[in-house]
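Okay, structure-v7.cif now, which holds mmCIF, C-alpha atoms:
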data_start
loop_
_atom_site.label_atom_id
_atom_site.label_comp_id
_atom_site.auth_asym_id
_atom_site.auth_seq_id
_atom_site.Cartn_x
_atom_site.Cartn_y
_atom_site.Cartn_z
CA THR D 1 6.25 22.23 -21.20
CA LYS D 2 6.70 21.82 -17.47
CA GLY D 3 4.19 20.37 -15.06
CA TRP D 4 1.91 17.33 -15.18
CA GLN D 5 1.28 15.73 -18.56
CA ARG D 6 -0.79 12.79 -19.77
CA VAL D 7 1.75 10.26 -20.98
CA SER D 8 -0.56 7.54 -22.24
CA LEU D 9 -4.25 6.93 -22.81
CA LEU D 10 -5.10 3.92 -20.67
CA PRO D 11 -8.36 1.95 -20.74
CA ARG D 12 -11.24 3.66 -19.02
CA GLY D 13 -11.88 2.70 -15.44
CA ARG D 14 -11.24 3.75 -11.88
CA TYR D 15 -7.61 3.29 -10.98
CA ARG D 16 -7.05 2.87 -7.24
CA ALA D 17 -3.31 2.25 -6.81
CA LEU D 18 -0.04 2.91 -8.61
CA TRP D 19 3.35 1.22 -8.22
CA SER D 20 6.76 1.93 -9.75
CA GLY D 21 10.14 0.21 -9.59
CA ASP D 22 12.92 -1.16 -11.77
CA GLY D 23 11.81 1.02 -14.68
CA ARG D 24 8.31 -0.44 -14.60
CA PHE D 25 4.95 1.02 -13.62
CA GLY D 26 1.80 -0.77 -12.54
CA ALA D 27 -1.75 0.47 -11.99
CA VAL D 28 -4.72 -1.47 -10.62
CA GLY D 29 -8.37 -0.63 -10.24
CA ASP D 30 -11.99 -1.68 -10.43
CA ARG D 31 -13.24 -4.94 -11.93
CA GLY D 32 -9.83 -6.58 -12.02
CA LEU D 33 -8.17 -3.77 -13.96
CA PHE D 34 -4.38 -4.23 -14.05
CA MET D 35 -2.14 -2.21 -16.38
CA LEU D 36 1.63 -2.73 -16.56
CA TYR D 37 4.25 -0.55 -18.26
CA GLU D 38 7.42 -2.36 -19.23
CA ASN D 39 9.66 -2.45 -22.29
CA ARG D 40 8.46 1.09 -23.08
CA LYS D 41 4.82 0.23 -23.53
CA TRP D 42 1.61 -0.31 -21.55
CA ARG D 43 -0.29 -3.55 -21.69
CA ARG D 44 -3.30 -4.92 -19.90
CA VAL D 45 -2.71 -7.91 -17.64
CA LYS D 46 -5.43 -10.54 -17.62
CA THR D 47 -6.16 -11.10 -13.95
CA GLY D 48 -8.96 -13.64 -14.11
CA THR D 49 -11.07 -11.69 -11.62
CA SER D 50 -13.77 -9.03 -11.71
CA GLU D 51 -13.11 -7.95 -8.11
CA ASP D 52 -11.88 -4.39 -7.47
CA LEU D 53 -8.12 -4.25 -6.90
CA MET D 54 -7.13 -1.76 -4.19
CA ALA D 55 -3.34 -1.97 -3.71
CA LEU D 56 -0.20 -3.18 -5.48
CA ASP D 57 3.36 -4.02 -4.41
CA ASP D 58 6.58 -5.63 -5.64
CA SER D 59 7.00 -9.21 -4.45
CA GLY D 60 10.58 -9.62 -5.68
CA ASP D 61 12.14 -11.45 -8.64
CA GLY D 62 10.09 -9.38 -11.08
CA GLY D 63 6.80 -10.34 -9.46
CA LEU D 64 3.93 -8.13 -8.34
CA VAL D 65 1.03 -8.73 -5.97
CA ALA D 66 -2.33 -6.93 -5.92
CA VAL D 67 -5.13 -7.22 -3.37
CA GLY D 68 -8.79 -6.30 -3.47
CA THR D 69 -12.39 -6.95 -2.55
CA ARG D 70 -13.68 -10.25 -1.13
CA GLY D 71 -10.20 -11.19 0.03
CA THR D 72 -8.92 -11.44 -3.53
CA VAL D 73 -5.22 -11.55 -4.37
CA VAL D 74 -3.65 -11.40 -7.83
CA ARG D 75 -0.04 -12.56 -8.11
CA TYR D 76 1.87 -11.69 -11.29
CA LYS D 77 5.17 -13.04 -12.57
CA LYS D 78 6.82 -13.55 -15.96
CA GLY D 79 3.92 -12.19 -17.98
CA LYS D 80 1.19 -14.21 -16.26
CA ALA D 81 -1.22 -13.37 -13.45
CA ARG D 82 -3.21 -15.66 -11.20
CA ALA D 83 -6.16 -14.68 -9.03
CA GLU D 84 -6.58 -16.49 -5.74
CA ARG D 85 -8.70 -16.23 -2.62
CA THR D 86 -7.48 -15.81 0.92
CA PRO D 87 -9.22 -17.16 4.05
CA THR D 88 -11.20 -13.92 4.46
CA GLY D 89 -14.15 -12.53 2.56
CA HIS D 90 -13.43 -8.99 3.74
CA PRO D 91 -11.93 -6.45 1.33
CA LEU D 92 -8.17 -6.08 1.38
CA PHE D 93 -7.02 -2.45 1.21
CA GLY D 94 -3.24 -2.63 1.69
CA VAL D 95 -0.37 -4.97 0.86
CA TRP D 96 3.32 -5.23 1.72
CA ALA D 97 5.63 -7.87 0.24
CA GLY D 98 9.06 -8.56 1.66
CA SER D 99 9.47 -11.35 -0.89
CA ALA D 100 7.36 -13.85 -2.82
CA LYS D 101 7.36 -15.95 0.37
CA ASN D 102 6.48 -13.19 2.79
CA ILE D 103 3.40 -11.16 1.82
CA TRP D 104 1.06 -9.36 4.20
CA ALA D 105 -2.31 -7.82 3.37
CA VAL D 106 -4.70 -5.88 5.60
CA GLY D 107 -8.34 -4.95 5.21
CA GLY D 108 -11.88 -4.65 6.47
CA ARG D 109 -12.87 -5.32 10.08
CA GLY D 110 -9.23 -5.49 11.16
CA VAL D 111 -8.36 -8.49 9.03
CA THR D 112 -4.76 -9.42 8.21
CA VAL D 113 -3.60 -12.31 6.01
CA HIS D 114 -0.11 -13.69 5.38
CA PHE D 115 1.36 -15.73 2.52
CA ASP D 116 4.41 -17.87 3.31
CA GLY D 117 5.07 -19.07 -0.23
CA LYS D 118 2.67 -22.00 0.04
CA LYS D 119 -0.64 -20.83 1.46
CA TRP D 120 -2.52 -17.88 2.88
CA ARG D 121 -3.55 -17.79 6.51
CA GLU D 122 -5.45 -15.25 8.56
CA LEU D 123 -3.98 -13.71 11.71
CA GLU D 124 -6.32 -12.15 14.25
CA THR D 125 -5.73 -8.56 15.36
CA GLY D 126 -8.52 -8.04 17.88
CA GLN D 127 -9.63 -5.00 15.86
CA ILE D 128 -13.00 -4.22 14.29
CA ASN D 129 -11.84 -1.03 12.55
CA ASP D 130 -10.80 -1.34 8.93
CA LEU D 131 -7.05 -1.51 8.35
CA ARG D 132 -6.02 0.56 5.34
CA ALA D 133 -2.26 0.20 4.90
CA VAL D 134 0.73 -1.89 5.94
CA ALA D 135 4.48 -1.20 5.71
CA MET D 136 7.83 -2.17 7.17
CA ALA D 137 9.71 0.39 9.29
CA GLY D 138 13.13 -0.87 10.30
CA LYS D 139 12.44 -4.42 11.41
CA GLN D 140 8.87 -3.74 12.50
CA LEU D 141 5.82 -4.47 10.38
CA MET D 142 3.17 -1.82 11.02
CA ALA D 143 -0.48 -1.46 10.01
CA VAL D 144 -2.80 1.56 10.24
CA GLY D 145 -6.47 2.24 9.71
CA GLU D 146 -9.73 3.82 10.78
CA GLY D 147 -9.95 5.72 14.03
CA GLY D 148 -6.20 6.27 13.98
CA VAL D 149 -5.52 2.65 14.87
CA VAL D 150 -1.84 1.62 14.65
CA LEU D 151 -0.72 -1.99 15.05
CA ASN D 152 2.72 -3.55 15.41
CA LEU D 153 3.52 -7.18 14.60
CA GLU D 154 5.49 -8.82 17.40
CA GLY D 155 6.36 -12.39 16.56
CA ASN D 156 3.06 -13.87 15.39
CA ARG D 157 0.82 -11.42 17.23
CA TRP D 158 -0.48 -8.00 16.28
CA ARG D 159 -0.39 -5.57 19.18
CA PRO D 160 -1.81 -2.05 19.55
CA PHE D 161 0.78 0.68 19.08
CA GLU D 162 0.48 4.20 20.47
CA SER D 163 -1.27 6.52 18.02
CA PRO D 164 -1.19 10.33 17.92
CA THR D 165 -4.52 10.76 16.16
CA ALA D 166 -8.11 9.57 15.90
CA GLN D 167 -8.24 10.37 12.19
CA THR D 168 -8.52 7.57 9.64
CA LEU D 169 -5.01 6.68 8.46
CA VAL D 170 -5.13 5.58 4.83
CA ALA D 171 -1.53 5.39 3.58
CA LEU D 172 1.76 4.40 5.18
CA TRP D 173 5.49 4.58 4.40
CA GLY D 174 8.42 3.16 6.31
CA ASP D 175 12.17 2.91 5.72
CA PRO D 176 15.07 0.75 6.96
CA LYS D 177 15.96 3.43 9.55
CA GLY D 178 12.67 2.78 11.33
CA ARG D 179 11.00 6.01 10.27
CA LEU D 180 7.25 5.77 9.75
CA VAL D 181 4.92 8.27 8.06
CA ALA D 182 1.14 8.01 7.72
CA VAL D 183 -1.43 10.32 6.14
CA SER D 184 -5.11 10.58 6.99
CA ARG D 185 -8.34 10.92 5.08
CA GLU D 186 -8.81 14.23 6.91
CA GLY D 187 -5.52 15.68 5.62
CA GLY D 188 -3.30 14.88 8.58
CA VAL D 189 0.36 13.80 8.42
CA VAL D 190 1.99 11.95 11.33
CA HIS D 191 5.57 10.75 11.67
CA HIS D 192 7.24 8.34 14.08
CA ASP D 193 11.03 8.63 14.36
CA GLY D 194 11.51 5.33 16.18
CA GLU D 195 10.93 6.87 19.59
CA LYS D 196 8.03 9.32 19.42
CA TRP D 197 5.27 10.62 17.17
CA MET D 198 5.26 14.05 15.54
CA ILE D 199 2.42 15.81 13.76
CA HIS D 200 3.17 17.83 10.63
CA ASP D 201 1.09 20.71 9.33
CA SER D 202 -0.79 20.04 6.10
CA ALA D 203 -2.89 22.46 4.10
CA ALA D 204 -4.61 19.59 2.30
CA PRO D 205 -8.32 19.06 3.13
CA CYS D 206 -7.87 15.32 2.67
CA LEU D 207 -5.15 12.87 1.68
CA SER D 208 -5.43 9.41 0.14
CA SER D 209 -1.99 8.23 -1.01
CA LEU D 210 1.68 8.46 -0.15
CA ALA D 211 4.80 7.76 -2.20
CA HIS D 212 8.56 8.15 -1.88
CA HIS D 213 10.77 9.83 -4.49
CA PRO D 214 14.57 9.57 -4.10
CA ASN D 215 15.09 13.26 -4.87
CA LEU D 216 11.87 14.89 -3.72
CA GLY D 217 11.24 12.97 -0.52
CA LEU D 218 7.68 11.99 0.35
CA LEU D 219 4.73 13.08 -1.75
CA ALA D 220 1.12 12.80 -0.62
CA ALA D 221 -1.92 13.35 -2.82
CA GLY D 222 -5.57 13.96 -2.02
CA CYS D 223 -8.71 15.81 -2.95
CA ASN D 224 -9.05 19.27 -4.53
CA GLN D 225 -5.88 18.71 -6.59
CA ALA D 226 -3.82 18.62 -3.40
CA ILE D 227 -0.24 17.31 -3.62
CA ILE D 228 2.07 18.02 -0.70
CA ARG D 229 5.76 17.35 -0.19
CA LEU D 230 7.46 16.30 3.03
CA PRO D 231 11.28 16.52 2.67
CA LEU D 232 13.10 13.59 4.23
CA GLU D 233 15.45 15.96 6.08
CA GLN D 234 12.49 16.85 8.26
CA LEU D 235 12.20 13.23 9.36
CA LYS D 236 15.03 13.08 11.86
#

Here is the file; what I need is its structure written in the form of structure tokens.
Amino acid sequence: TKGWQRVSLLPRGRYRALWSGDGRFGAVGDRGLFMLYENRKWRRVKTGTSEDLMALDDSGDGGLVAVGTRGTVVRYKKGKARAERTPTGHPLFGVWAGSAKNIWAVGGRGVTVHFDGKKWRELETGQINDLRAVAMAGKQLMAVGEGGVVLNLEGNRWRPFESPTAQTLVALWGDPKGRLVAVSREGGVVHHDGEKWMIHDSAAPCLSSLAHHPNLGLLAAGCNQAIIRLPLEQLK
């Protein structure tokens, strides 16, 4: 049959983020829940934490990194996971990893933390709004959050970046061409082409996640069974 199908019965719990790459899938959620699909089967990863995990990304060389409440980070590699604390006690909602030695996470009250391969350090943003997502667009690291806030990392300083909306931006995607797309809790979709912002129509009442598919383009999901598609050819 065509359409959505349940492919596996995973442990009960609230799953908050999904990742896929290199034939693997990862899902993280409340109370340290971390499920990984590899070698054609799902298994539960022991994280060593009961904190809620909010986001997941690939850190290179087969590794994964998850972030969550109370500044918690879980780094996974070669079948083992290790939970560690960052300098902040605020929740971390988004993570981007360029490599195992270059990981950025963003979270509550405008907090950002960076891992350089040896230790975590906090970098001030001057924001009090929660930051919800972080991504690389071209050579620029960008972060978005509540109130439509958009930040751009210049050197070692976060700077405000022009924003086209006051809606809460909750998910972010960027590509090597410098294109940037964000979706909002209120159902909005905004796109920056490297020079200017554009606003795209969305029939969704709210959106909460954003993912890229090589054939379908960008997919965003939200409430009331809403899944919308934004073809990449529209992102000039």

* Asked: Which distance in Å separates atom CA of D:Thr88 and atom CA of D:Val74, to one decimal?
  -> 14.6 Å

* Hey, what comes out of the PyMOL selection byres ((chain D and resi 12-21) around 7) on this file? Could you write it as a PyMOL selection string? -> chain D and resi 10-11+22-30+54-57

* Could you check which of D:Gly32, D:Gly147, D:Pro231, D:Gly79 is closest to D:Gly110, using only C-alpha atoms? =>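 Closest to D:Gly110, using only C-alpha atoms: D:Gly147.
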
* Asked: Taking the file as shown, what set of residues would the PyMOL selection byres ((chain D and resi 221) around 10) give back, as a list in words?
  ->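 Against this file, the PyMOL selection byres ((chain D and resi 221) around 10) returns the residues Val183, Gly187, Ala204, Cys206, Leu207, Ser208, Ser209, Leu210, Ala211, Leu219, Ala220, Gly222, Cys223, Asn224, Gln225, Ala226, Ile227, Ile228 and Arg229 of chain D.
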
Name the residues that the PyMOL selection byres ((chain D and resi 44) around 8) picks from the file above, as a PDB file with C-alpha atoms, in the frame of the given file, using the file's chain letters and numbers.
ATOM      1  CA  LEU D  33      -8.170  -3.770 -13.960  1.00  0.00           C
ATOM      2  CA  PHE D  34      -4.380  -4.230 -14.050  1.00  0.00           C
ATOM      3  CA  MET D  35      -2.140  -2.210 -16.380  1.00  0.00           C
ATOM      4  CA  LEU D  36       1.630  -2.730 -16.560  1.00  0.00           C
ATOM      5  CA  TRP D  42       1.610  -0.310 -21.550  1.00  0.00           C
ATOM      6  CA  ARG D  43      -0.290  -3.550 -21.690  1.00  0.00           C
ATOM      7  CA  VAL D  45      -2.710  -7.910 -17.640  1.00  0.00           C
ATOM      8  CA  LYS D  46      -5.430 -10.540 -17.620  1.00  0.00           C
TER       9      LYS D  46
END

* List as an MDAnalysis selection string: which residues have an atom within 10 Å of (15.5, -4.3, 11.6), counting all atoms listed in the file? -> chainID D and resid 136:141 175:178

* To do: List every protein, DNA or RNA residue with an atom no more than 6 Å from (3.7, -8.3, -9.6) in the file's coordinates, counting all atoms listed in the file, and format the result as a list in words.
  =>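 The residues near that point, listed by chain and number, are Asp58, Gly63, Leu64, Val65, Arg75, Tyr76 and Lys77 of chain D.
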
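Using all atoms listed in the file, the nearest neighbour of D:Val95 within the list D:Gly145, D:Gly107, D:Gly174, D:Gly62 is D:Gly107.
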
* Could you state the separation of atom CA of D:Gly98 and atom CA of D:Leu180 in Å, given to one decimal place? ->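 Distance reported for this atom pair: 16.6 Å.
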
* Long-range neighbours of D:Gly188 as a list in words, 10 Å cut-off, only C-alpha atoms, 3 positions minimum in chain ->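 Skipping anything fewer than 3 positions along the chain leaves Thr165, Gln167, Thr168, Leu169, Ala182, Val183, Ser184, Arg185, Ile199, His200, Asp201, Ser202, Ala203, Ala204, Pro205, Cys206 and Leu207 of chain D.
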
* **d(atom CA of D:Ser163, atom CA of D:Ser99) in Å** =>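 If I compute the distance from atom CA of D:Ser163 to atom CA of D:Ser99, I get 28.1 Å.
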
Each side padded by 3 Å, which centre and which edge lengths in Å (one decimal) define the axis-aligned box around the listed atoms of stretch 139-146 of chain D? Give them as lines of an AutoDock Vina configuration file.
center_x = 1.4
center_y = -0.3
center_z = 11.1
size_x = 28.2
size_y = 14.3
size_z = 8.8
